[in-house]
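Quick look at coords-v4.cif (mmCIF, N, CA and C atoms):
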data_final
#
loop_
_atom_site.label_atom_id
_atom_site.label_comp_id
_atom_site.auth_asym_id
_atom_site.auth_seq_id
_atom_site.Cartn_x
_atom_site.Cartn_y
_atom_site.Cartn_z
N MET A 1 -3.48 -35.33 18.70
CA MET A 1 -4.46 -34.26 18.59
C MET A 1 -4.59 -33.57 19.94
N THR A 2 -4.60 -32.24 19.92
CA THR A 2 -4.69 -31.45 21.14
C THR A 2 -6.15 -31.24 21.51
N THR A 3 -6.47 -31.48 22.76
CA THR A 3 -7.83 -31.26 23.22
C THR A 3 -8.01 -29.80 23.65
N ILE A 4 -9.24 -29.37 23.79
CA ILE A 4 -9.52 -28.02 24.27
C ILE A 4 -8.93 -27.83 25.65
N GLU A 5 -9.03 -28.86 26.49
CA GLU A 5 -8.47 -28.77 27.84
C GLU A 5 -6.97 -28.51 27.80
N GLN A 6 -6.26 -29.20 26.91
CA GLN A 6 -4.83 -29.01 26.80
C GLN A 6 -4.51 -27.65 26.19
N LEU A 7 -5.26 -27.27 25.17
CA LEU A 7 -5.01 -26.03 24.46
C LEU A 7 -5.16 -24.82 25.37
N PHE A 8 -6.18 -24.80 26.18
CA PHE A 8 -6.46 -23.64 27.00
C PHE A 8 -6.10 -23.82 28.46
N ASN A 9 -5.55 -24.95 28.83
CA ASN A 9 -5.09 -25.19 30.19
C ASN A 9 -6.22 -24.96 31.20
N CYS A 10 -7.43 -25.25 30.81
CA CYS A 10 -8.59 -25.11 31.68
C CYS A 10 -9.44 -26.37 31.54
N SER A 11 -10.15 -26.68 32.59
CA SER A 11 -11.04 -27.82 32.47
C SER A 11 -12.24 -27.43 31.62
N PHE A 12 -12.66 -28.31 30.76
CA PHE A 12 -13.76 -28.05 29.84
C PHE A 12 -15.02 -28.68 30.42
N MET A 13 -16.03 -27.86 30.57
CA MET A 13 -17.27 -28.34 31.17
C MET A 13 -18.28 -28.65 30.09
N GLN A 14 -18.90 -29.80 30.19
CA GLN A 14 -19.97 -30.15 29.29
C GLN A 14 -21.27 -30.09 30.07
N ASN A 15 -22.36 -29.79 29.36
CA ASN A 15 -23.66 -29.70 30.02
C ASN A 15 -23.58 -28.79 31.25
N VAL A 16 -23.19 -27.57 31.02
CA VAL A 16 -23.00 -26.63 32.11
C VAL A 16 -24.35 -26.32 32.76
N GLU A 17 -24.40 -26.54 34.05
CA GLU A 17 -25.56 -26.18 34.85
C GLU A 17 -25.04 -25.41 36.04
N LEU A 18 -25.45 -24.16 36.15
CA LEU A 18 -24.99 -23.32 37.24
C LEU A 18 -26.11 -23.08 38.23
N GLN A 19 -25.74 -23.03 39.48
CA GLN A 19 -26.67 -22.62 40.52
C GLN A 19 -26.86 -21.11 40.40
N SER A 20 -27.91 -20.57 40.98
CA SER A 20 -28.17 -19.13 40.84
C SER A 20 -27.04 -18.29 41.42
N ASP A 21 -26.43 -18.73 42.52
CA ASP A 21 -25.32 -17.96 43.07
C ASP A 21 -24.08 -18.01 42.16
N GLN A 22 -23.90 -19.13 41.45
CA GLN A 22 -22.79 -19.23 40.50
C GLN A 22 -23.04 -18.34 39.29
N THR A 23 -24.29 -18.29 38.83
CA THR A 23 -24.65 -17.42 37.72
C THR A 23 -24.39 -15.96 38.09
N ALA A 24 -24.77 -15.58 39.30
CA ALA A 24 -24.55 -14.21 39.77
C ALA A 24 -23.05 -13.90 39.85
N GLN A 25 -22.26 -14.85 40.34
CA GLN A 25 -20.82 -14.64 40.44
C GLN A 25 -20.19 -14.51 39.05
N LEU A 26 -20.63 -15.33 38.11
CA LEU A 26 -20.12 -15.25 36.74
C LEU A 26 -20.48 -13.92 36.10
N ALA A 27 -21.72 -13.48 36.29
CA ALA A 27 -22.17 -12.19 35.74
C ALA A 27 -21.36 -11.05 36.35
N GLU A 28 -21.10 -11.13 37.64
CA GLU A 28 -20.31 -10.09 38.31
C GLU A 28 -18.89 -10.06 37.75
N THR A 29 -18.32 -11.22 37.51
CA THR A 29 -16.97 -11.30 36.96
C THR A 29 -16.91 -10.69 35.56
N PHE A 30 -17.86 -11.06 34.70
CA PHE A 30 -17.89 -10.46 33.37
C PHE A 30 -18.20 -8.98 33.46
N GLY A 31 -19.01 -8.59 34.44
CA GLY A 31 -19.32 -7.18 34.63
C GLY A 31 -18.09 -6.35 34.94
N LEU A 32 -17.14 -6.93 35.66
CA LEU A 32 -15.89 -6.21 35.94
C LEU A 32 -15.18 -5.85 34.64
N LEU A 33 -15.24 -6.73 33.67
CA LEU A 33 -14.57 -6.49 32.39
C LEU A 33 -15.37 -5.59 31.47
N ALA A 34 -16.62 -5.27 31.85
CA ALA A 34 -17.44 -4.38 31.04
C ALA A 34 -16.99 -2.93 31.17
N ASP A 35 -16.21 -2.63 32.20
CA ASP A 35 -15.68 -1.28 32.38
C ASP A 35 -14.43 -1.14 31.49
N PRO A 36 -14.42 -0.17 30.57
CA PRO A 36 -13.28 -0.03 29.65
C PRO A 36 -11.94 0.17 30.36
N THR A 37 -11.93 0.87 31.48
CA THR A 37 -10.67 1.08 32.20
C THR A 37 -10.15 -0.23 32.76
N ARG A 38 -11.02 -1.01 33.40
CA ARG A 38 -10.57 -2.30 33.95
C ARG A 38 -10.14 -3.23 32.83
N LEU A 39 -10.89 -3.26 31.74
CA LEU A 39 -10.51 -4.13 30.62
C LEU A 39 -9.14 -3.72 30.08
N SER A 40 -8.90 -2.42 29.96
CA SER A 40 -7.60 -1.95 29.48
C SER A 40 -6.47 -2.38 30.41
N ILE A 41 -6.72 -2.32 31.71
CA ILE A 41 -5.71 -2.75 32.68
C ILE A 41 -5.42 -4.24 32.52
N VAL A 42 -6.46 -5.04 32.38
CA VAL A 42 -6.28 -6.49 32.20
C VAL A 42 -5.50 -6.77 30.92
N VAL A 43 -5.84 -6.09 29.84
CA VAL A 43 -5.15 -6.30 28.56
C VAL A 43 -3.66 -5.96 28.70
N VAL A 44 -3.34 -4.87 29.41
CA VAL A 44 -1.94 -4.50 29.62
C VAL A 44 -1.20 -5.60 30.37
N CYS A 45 -1.90 -6.28 31.27
CA CYS A 45 -1.27 -7.33 32.10
C CYS A 45 -1.29 -8.71 31.44
N MET A 46 -1.87 -8.84 30.26
CA MET A 46 -2.05 -10.17 29.66
C MET A 46 -0.74 -10.90 29.38
N GLU A 47 0.26 -10.20 28.91
CA GLU A 47 1.47 -10.88 28.45
C GLU A 47 2.71 -10.56 29.25
N ARG A 48 2.55 -9.76 30.33
CA ARG A 48 3.75 -9.37 31.07
C ARG A 48 3.39 -8.93 32.48
N GLU A 49 4.39 -8.93 33.32
CA GLU A 49 4.25 -8.35 34.65
C GLU A 49 4.54 -6.86 34.51
N ILE A 50 3.75 -6.05 35.18
CA ILE A 50 3.91 -4.61 35.04
C ILE A 50 3.54 -3.94 36.36
N SER A 51 4.25 -2.89 36.71
CA SER A 51 4.00 -2.19 37.96
C SER A 51 2.76 -1.31 37.83
N ALA A 52 2.16 -1.00 38.96
CA ALA A 52 0.97 -0.15 38.97
C ALA A 52 1.29 1.22 38.36
N GLY A 53 2.45 1.77 38.68
CA GLY A 53 2.84 3.06 38.11
C GLY A 53 2.99 3.02 36.60
N ASP A 54 3.56 1.93 36.09
CA ASP A 54 3.71 1.78 34.64
C ASP A 54 2.36 1.59 33.96
N ILE A 55 1.42 0.89 34.63
CA ILE A 55 0.06 0.76 34.08
C ILE A 55 -0.57 2.15 33.96
N ALA A 56 -0.46 2.94 35.03
CA ALA A 56 -1.03 4.30 35.01
C ALA A 56 -0.42 5.13 33.90
N ASP A 57 0.91 5.08 33.77
CA ASP A 57 1.59 5.85 32.72
C ASP A 57 1.17 5.40 31.33
N GLU A 58 1.14 4.08 31.13
CA GLU A 58 0.83 3.55 29.80
C GLU A 58 -0.60 3.88 29.37
N LEU A 59 -1.51 3.89 30.33
CA LEU A 59 -2.92 4.15 30.00
C LEU A 59 -3.31 5.61 30.19
N GLY A 60 -2.41 6.42 30.70
CA GLY A 60 -2.70 7.84 30.91
C GLY A 60 -3.74 8.06 32.00
N LEU A 61 -3.66 7.25 33.06
CA LEU A 61 -4.62 7.34 34.16
C LEU A 61 -3.91 7.74 35.44
N SER A 62 -4.67 8.22 36.41
CA SER A 62 -4.08 8.55 37.70
C SER A 62 -3.73 7.27 38.46
N ALA A 63 -2.72 7.37 39.30
CA ALA A 63 -2.31 6.21 40.10
C ALA A 63 -3.43 5.75 41.03
N SER A 64 -4.19 6.70 41.58
CA SER A 64 -5.26 6.30 42.50
C SER A 64 -6.39 5.57 41.77
N LEU A 65 -6.71 5.98 40.55
CA LEU A 65 -7.75 5.29 39.77
C LEU A 65 -7.28 3.87 39.42
N VAL A 66 -6.05 3.74 38.98
CA VAL A 66 -5.50 2.42 38.65
C VAL A 66 -5.49 1.54 39.89
N SER A 67 -5.09 2.08 41.02
CA SER A 67 -5.05 1.31 42.27
C SER A 67 -6.44 0.80 42.64
N HIS A 68 -7.45 1.64 42.49
CA HIS A 68 -8.83 1.23 42.78
C HIS A 68 -9.23 0.05 41.90
N HIS A 69 -8.98 0.15 40.60
CA HIS A 69 -9.36 -0.93 39.68
C HIS A 69 -8.54 -2.20 39.92
N LEU A 70 -7.26 -2.04 40.23
CA LEU A 70 -6.43 -3.21 40.52
C LEU A 70 -6.94 -3.96 41.74
N ARG A 71 -7.39 -3.23 42.74
CA ARG A 71 -7.94 -3.87 43.94
C ARG A 71 -9.14 -4.75 43.58
N LEU A 72 -10.04 -4.23 42.72
CA LEU A 72 -11.21 -5.00 42.30
C LEU A 72 -10.81 -6.22 41.48
N LEU A 73 -9.86 -6.06 40.58
CA LEU A 73 -9.43 -7.16 39.72
C LEU A 73 -8.70 -8.25 40.51
N ARG A 74 -7.95 -7.85 41.53
CA ARG A 74 -7.31 -8.85 42.40
C ARG A 74 -8.35 -9.59 43.22
N ALA A 75 -9.33 -8.87 43.72
CA ALA A 75 -10.38 -9.51 44.53
C ALA A 75 -11.16 -10.52 43.70
N ALA A 76 -11.29 -10.27 42.41
CA ALA A 76 -11.99 -11.20 41.51
C ALA A 76 -11.07 -12.30 41.00
N ARG A 77 -9.84 -12.32 41.45
CA ARG A 77 -8.83 -13.31 41.07
C ARG A 77 -8.50 -13.30 39.59
N MET A 78 -8.63 -12.14 38.96
CA MET A 78 -8.22 -12.00 37.56
C MET A 78 -6.74 -11.65 37.45
N LEU A 79 -6.28 -10.84 38.41
CA LEU A 79 -4.87 -10.44 38.43
C LEU A 79 -4.25 -10.89 39.74
N ARG A 80 -2.95 -11.07 39.70
CA ARG A 80 -2.21 -11.36 40.93
C ARG A 80 -1.18 -10.25 41.10
N ALA A 81 -0.79 -10.04 42.33
CA ALA A 81 0.18 -9.00 42.66
C ALA A 81 1.39 -9.63 43.33
N GLU A 82 2.55 -9.08 43.02
CA GLU A 82 3.79 -9.54 43.65
C GLU A 82 4.62 -8.32 44.02
N ARG A 83 4.88 -8.18 45.31
CA ARG A 83 5.68 -7.04 45.78
C ARG A 83 7.16 -7.34 45.57
N ARG A 84 7.84 -6.36 45.01
CA ARG A 84 9.29 -6.41 44.84
C ARG A 84 9.86 -5.09 45.33
N GLY A 85 10.38 -5.12 46.51
CA GLY A 85 10.87 -3.87 47.11
C GLY A 85 9.69 -2.95 47.37
N LYS A 86 9.77 -1.74 46.83
CA LYS A 86 8.70 -0.75 47.05
C LYS A 86 7.62 -0.83 45.98
N GLN A 87 7.82 -1.61 44.94
CA GLN A 87 6.85 -1.67 43.85
C GLN A 87 6.06 -2.97 43.90
N VAL A 88 4.85 -2.90 43.37
CA VAL A 88 4.00 -4.08 43.23
C VAL A 88 3.80 -4.31 41.73
N PHE A 89 4.05 -5.55 41.30
CA PHE A 89 3.89 -5.90 39.89
C PHE A 89 2.66 -6.77 39.73
N TYR A 90 1.94 -6.53 38.64
CA TYR A 90 0.69 -7.22 38.38
C TYR A 90 0.81 -8.06 37.12
N SER A 91 0.11 -9.20 37.13
CA SER A 91 0.05 -10.07 35.96
C SER A 91 -1.23 -10.88 36.06
N MET A 92 -1.52 -11.64 35.01
CA MET A 92 -2.72 -12.47 35.01
C MET A 92 -2.61 -13.52 36.11
N ALA A 93 -3.72 -13.76 36.78
CA ALA A 93 -3.71 -14.73 37.87
C ALA A 93 -3.50 -16.14 37.36
N ASP A 94 -4.04 -16.44 36.19
CA ASP A 94 -3.84 -17.76 35.58
C ASP A 94 -4.14 -17.64 34.09
N ASP A 95 -3.94 -18.73 33.38
CA ASP A 95 -4.10 -18.71 31.93
C ASP A 95 -5.56 -18.68 31.48
N CYS A 96 -6.49 -19.08 32.31
CA CYS A 96 -7.89 -19.19 31.88
C CYS A 96 -8.46 -17.85 31.44
N VAL A 97 -8.29 -16.81 32.26
CA VAL A 97 -8.83 -15.50 31.91
C VAL A 97 -8.14 -14.98 30.65
N ARG A 98 -6.82 -15.14 30.58
CA ARG A 98 -6.07 -14.72 29.39
C ARG A 98 -6.61 -15.43 28.15
N ASP A 99 -6.85 -16.71 28.25
CA ASP A 99 -7.33 -17.48 27.10
C ASP A 99 -8.72 -17.04 26.67
N VAL A 100 -9.61 -16.79 27.62
CA VAL A 100 -10.96 -16.31 27.28
C VAL A 100 -10.87 -14.97 26.56
N LEU A 101 -10.04 -14.07 27.06
CA LEU A 101 -9.89 -12.76 26.41
C LEU A 101 -9.30 -12.89 25.01
N LYS A 102 -8.29 -13.74 24.87
CA LYS A 102 -7.69 -13.94 23.54
C LYS A 102 -8.71 -14.49 22.56
N ILE A 103 -9.53 -15.42 23.02
CA ILE A 103 -10.57 -15.98 22.16
C ILE A 103 -11.56 -14.89 21.73
N MET A 104 -11.97 -14.05 22.67
CA MET A 104 -12.92 -12.99 22.34
C MET A 104 -12.31 -11.95 21.41
N ILE A 105 -11.04 -11.59 21.65
CA ILE A 105 -10.36 -10.64 20.77
C ILE A 105 -10.26 -11.22 19.37
N ASP A 106 -9.87 -12.48 19.28
CA ASP A 106 -9.79 -13.14 17.98
C ASP A 106 -11.17 -13.19 17.32
N HIS A 107 -12.17 -13.55 18.08
CA HIS A 107 -13.53 -13.65 17.54
C HIS A 107 -14.01 -12.31 17.00
N LEU A 108 -13.76 -11.24 17.74
CA LEU A 108 -14.28 -9.93 17.35
C LEU A 108 -13.46 -9.24 16.27
N PHE A 109 -12.13 -9.42 16.29
CA PHE A 109 -11.30 -8.58 15.44
C PHE A 109 -10.47 -9.29 14.39
N THR A 110 -10.29 -10.59 14.49
CA THR A 110 -9.47 -11.26 13.48
C THR A 110 -10.15 -12.45 12.84
N HIS A 111 -11.13 -13.00 13.47
CA HIS A 111 -11.81 -14.20 12.99
C HIS A 111 -12.75 -13.85 11.84
N GLU A 112 -12.67 -14.61 10.76
CA GLU A 112 -13.62 -14.44 9.66
C GLU A 112 -14.91 -15.14 10.02
N HIS A 113 -15.98 -14.39 10.11
CA HIS A 113 -17.25 -14.98 10.53
C HIS A 113 -17.93 -15.75 9.42
N GLY A 114 -17.62 -15.42 8.19
CA GLY A 114 -18.09 -16.22 7.05
C GLY A 114 -19.59 -16.27 6.86
N GLY A 115 -20.30 -15.32 7.35
CA GLY A 115 -21.74 -15.31 7.18
C GLY A 115 -22.26 -13.90 7.30
N SER A 116 -23.54 -13.77 7.12
CA SER A 116 -24.14 -12.45 7.25
C SER A 116 -24.50 -12.20 8.69
N ASP A 117 -24.81 -10.96 8.98
CA ASP A 117 -25.26 -10.60 10.30
C ASP A 117 -26.76 -10.80 10.46
N GLU A 118 -27.40 -11.27 9.41
CA GLU A 118 -28.83 -11.52 9.46
C GLU A 118 -29.09 -12.76 10.30
N PRO A 119 -30.13 -12.72 11.13
CA PRO A 119 -30.45 -13.91 11.93
C PRO A 119 -30.81 -15.09 11.04
N GLN A 120 -30.38 -16.25 11.45
CA GLN A 120 -30.72 -17.47 10.75
C GLN A 120 -32.12 -17.89 11.15
N GLU A 121 -32.68 -18.80 10.39
CA GLU A 121 -34.02 -19.29 10.70
C GLU A 121 -34.05 -19.82 12.13
N GLY A 122 -35.04 -19.38 12.88
CA GLY A 122 -35.20 -19.82 14.27
C GLY A 122 -34.47 -18.93 15.26
N GLU A 123 -33.65 -17.97 14.77
CA GLU A 123 -32.95 -17.04 15.65
C GLU A 123 -33.75 -15.76 15.78
N GLN A 124 -33.62 -15.10 16.88
CA GLN A 124 -34.29 -13.80 17.09
C GLN A 124 -33.30 -12.69 16.92
#
Could you write out this file's structure as structure tokens?
Amino acid sequence: MTTIEQLFNCSFMQNVELQSDQTAQLAETFGLLADPTRLSIVVVCMEREISAGDIADELGLSASLVSHHLRLLRAARMLRAERRGKQVFYSMADDCVRDVLKIMIDHLFTHEHGGSDEPQEGEQ
């Protein structure tokens, strides 16, 4: 039987307790993905290495805008960069972010929720 840790290649935390600075860092990280442009860039990089110019072309964005967002995503350790000659190629920094995004995409767009959108007893 495969464990969650094995399936997602991430350590699974039980009884999560975060310090206030950790909560702020987590919120900031999720906040980066709240921007549709940054999220689109991350999605483009999920399954392949791709150059900054190709990201700009694929998304129909200016190179300077893509460069700005890539800098933020690298600083947050969501993407990694590898220089090859004159080009820089971007990909996911590790499997954890990719797995979280895949889970959310599946949850929102392919997963059968099997219930109503009405709150259950005790829910607000």
Checklist line | All residues 8 Å or closer to stretch 30-43 of chain A, all atoms listed in the file, same chain fewer than 4 positions away omitted, as a VMD selection string | finding: chain A and resid 24 to 26 47 to 48 55 59 66 69 to 70 72 to 73 78 to 79 91 to 92
Would you mind exporting N, CA and C atoms of the selected residues as a PDB file, keeping the file's coordinate frame?
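Everything below was put into again_23.pdb:
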ATOM      1  N   ALA A  24     -24.770 -15.580  39.300  1.00  0.00           N
ATOM      2  CA  ALA A  24     -24.550 -14.210  39.770  1.00  0.00           C
ATOM      3  C   ALA A  24     -23.050 -13.900  39.850  1.00  0.00           C
ATOM      4  N   GLN A  25     -22.260 -14.850  40.340  1.00  0.00           N
ATOM      5  CA  GLN A  25     -20.820 -14.640  40.440  1.00  0.00           C
ATOM      6  C   GLN A  25     -20.190 -14.510  39.050  1.00  0.00           C
ATOM      7  N   LEU A  26     -20.630 -15.330  38.110  1.00  0.00           N
ATOM      8  CA  LEU A  26     -20.120 -15.250  36.740  1.00  0.00           C
ATOM      9  C   LEU A  26     -20.480 -13.920  36.100  1.00  0.00           C
ATOM     10  N   GLU A  47       0.260 -10.200  28.910  1.00  0.00           N
ATOM     11  CA  GLU A  47       1.470 -10.880  28.450  1.00  0.00           C
ATOM     12  C   GLU A  47       2.710 -10.560  29.250  1.00  0.00           C
ATOM     13  N   ARG A  48       2.550  -9.760  30.330  1.00  0.00           N
ATOM     14  CA  ARG A  48       3.750  -9.370  31.070  1.00  0.00           C
ATOM     15  C   ARG A  48       3.390  -8.930  32.480  1.00  0.00           C
ATOM     16  N   ILE A  55       1.420   0.890  34.630  1.00  0.00           N
ATOM     17  CA  ILE A  55       0.060   0.760  34.080  1.00  0.00           C
ATOM     18  C   ILE A  55      -0.570   2.150  33.960  1.00  0.00           C
ATOM     19  N   LEU A  59      -1.510   3.890  30.330  1.00  0.00           N
ATOM     20  CA  LEU A  59      -2.920   4.150  30.000  1.00  0.00           C
ATOM     21  C   LEU A  59      -3.310   5.610  30.190  1.00  0.00           C
ATOM     22  N   VAL A  66      -6.050   3.740  38.980  1.00  0.00           N
ATOM     23  CA  VAL A  66      -5.500   2.420  38.650  1.00  0.00           C
ATOM     24  C   VAL A  66      -5.490   1.540  39.890  1.00  0.00           C
ATOM     25  N   HIS A  69      -8.980   0.150  40.600  1.00  0.00           N
ATOM     26  CA  HIS A  69      -9.360  -0.930  39.680  1.00  0.00           C
ATOM     27  C   HIS A  69      -8.540  -2.200  39.920  1.00  0.00           C
ATOM     28  N   LEU A  70      -7.260  -2.040  40.230  1.00  0.00           N
ATOM     29  CA  LEU A  70      -6.430  -3.210  40.520  1.00  0.00           C
ATOM     30  C   LEU A  70      -6.940  -3.960  41.740  1.00  0.00           C
ATOM     31  N   LEU A  72     -10.040  -4.230  42.720  1.00  0.00           N
ATOM     32  CA  LEU A  72     -11.210  -5.000  42.300  1.00  0.00           C
ATOM     33  C   LEU A  72     -10.810  -6.220  41.480  1.00  0.00           C
ATOM     34  N   LEU A  73      -9.860  -6.060  40.580  1.00  0.00           N
ATOM     35  CA  LEU A  73      -9.430  -7.160  39.720  1.00  0.00           C
ATOM     36  C   LEU A  73      -8.700  -8.250  40.510  1.00  0.00           C
ATOM     37  N   MET A  78      -8.630 -12.140  38.960  1.00  0.00           N
ATOM     38  CA  MET A  78      -8.220 -12.000  37.560  1.00  0.00           C
ATOM     39  C   MET A  78      -6.740 -11.650  37.450  1.00  0.00           C
ATOM     40  N   LEU A  79      -6.280 -10.840  38.410  1.00  0.00           N
ATOM     41  CA  LEU A  79      -4.870 -10.440  38.430  1.00  0.00           C
ATOM     42  C   LEU A  79      -4.250 -10.890  39.740  1.00  0.00           C
ATOM     43  N   SER A  91       0.110  -9.200  37.130  1.00  0.00           N
ATOM     44  CA  SER A  91       0.050 -10.070  35.960  1.00  0.00           C
ATOM     45  C   SER A  91      -1.230 -10.880  36.060  1.00  0.00           C
ATOM     46  N   MET A  92      -1.520 -11.640  35.010  1.00  0.00           N
ATOM     47  CA  MET A  92      -2.720 -12.470  35.010  1.00  0.00           C
ATOM     48  C   MET A  92      -2.610 -13.520  36.110  1.00  0.00           C
TER      49      MET A  92
END
Got a sec: who's within 8 Å of stretch 52-54 of chain A, counting all atoms listed in the file, leaving out chain neighbours fewer than 5 positions off, as a PDB file with N, CA and C atoms, keeping the file's coordinate frame?
ATOM      1  N   LEU A  59      -1.510   3.890  30.330  1.00  0.00           N
ATOM      2  CA  LEU A  59      -2.920   4.150  30.000  1.00  0.00           C
ATOM      3  C   LEU A  59      -3.310   5.610  30.190  1.00  0.00           C
ATOM      4  N   GLY A  60      -2.410   6.420  30.700  1.00  0.00           N
ATOM      5  CA  GLY A  60      -2.700   7.840  30.910  1.00  0.00           C
ATOM      6  C   GLY A  60      -3.740   8.060  32.000  1.00  0.00           C
ATOM      7  N   SER A  62      -4.670   8.220  36.410  1.00  0.00           N
ATOM      8  CA  SER A  62      -4.080   8.550  37.700  1.00  0.00           C
ATOM      9  C   SER A  62      -3.730   7.270  38.460  1.00  0.00           C
ATOM     10  N   ALA A  63      -2.720   7.370  39.300  1.00  0.00           N
ATOM     11  CA  ALA A  63      -2.310   6.210  40.100  1.00  0.00           C
ATOM     12  C   ALA A  63      -3.430   5.750  41.030  1.00  0.00           C
ATOM     13  N   VAL A  66      -6.050   3.740  38.980  1.00  0.00           N
ATOM     14  CA  VAL A  66      -5.500   2.420  38.650  1.00  0.00           C
ATOM     15  C   VAL A  66      -5.490   1.540  39.890  1.00  0.00           C
ATOM     16  N   SER A  67      -5.090   2.080  41.020  1.00  0.00           N
ATOM     17  CA  SER A  67      -5.050   1.310  42.270  1.00  0.00           C
ATOM     18  C   SER A  67      -6.440   0.800  42.640  1.00  0.00           C
ATOM     19  N   GLN A  87       7.820  -1.610  44.940  1.00  0.00           N
ATOM     20  CA  GLN A  87       6.850  -1.670  43.850  1.00  0.00           C
ATOM     21  C   GLN A  87       6.060  -2.970  43.900  1.00  0.00           C
ATOM     22  N   VAL A  88       4.850  -2.900  43.370  1.00  0.00           N
ATOM     23  CA  VAL A  88       4.000  -4.080  43.230  1.00  0.00           C
ATOM     24  C   VAL A  88       3.800  -4.310  41.730  1.00  0.00           C
ATOM     25  N   PHE A  89       4.050  -5.550  41.300  1.00  0.00           N
ATOM     26  CA  PHE A  89       3.890  -5.900  39.890  1.00  0.00           C
ATOM     27  C   PHE A  89       2.660  -6.770  39.730  1.00  0.00           C
ATOM     28  N   TYR A  90       1.940  -6.530  38.640  1.00  0.00           N
ATOM     29  CA  TYR A  90       0.690  -7.220  38.380  1.00  0.00           C
ATOM     30  C   TYR A  90       0.810  -8.060  37.120  1.00  0.00           C
TER      31      TYR A  90
END
Next item on the list: Check the smallest atom-to-atom distance from each of A:Lys86, A:Ala93, A:Ser64, A:Leu101 to A:Glu49 using only C-alpha atoms, then report the winner.
Entry: A:Ala93
Notebook entry, point to check: Counting only C-alpha atoms, which of A:His68, A:Arg83, A:His111, A:Arg77 gets nearest to A:Val97?
Noted result: A:Arg77
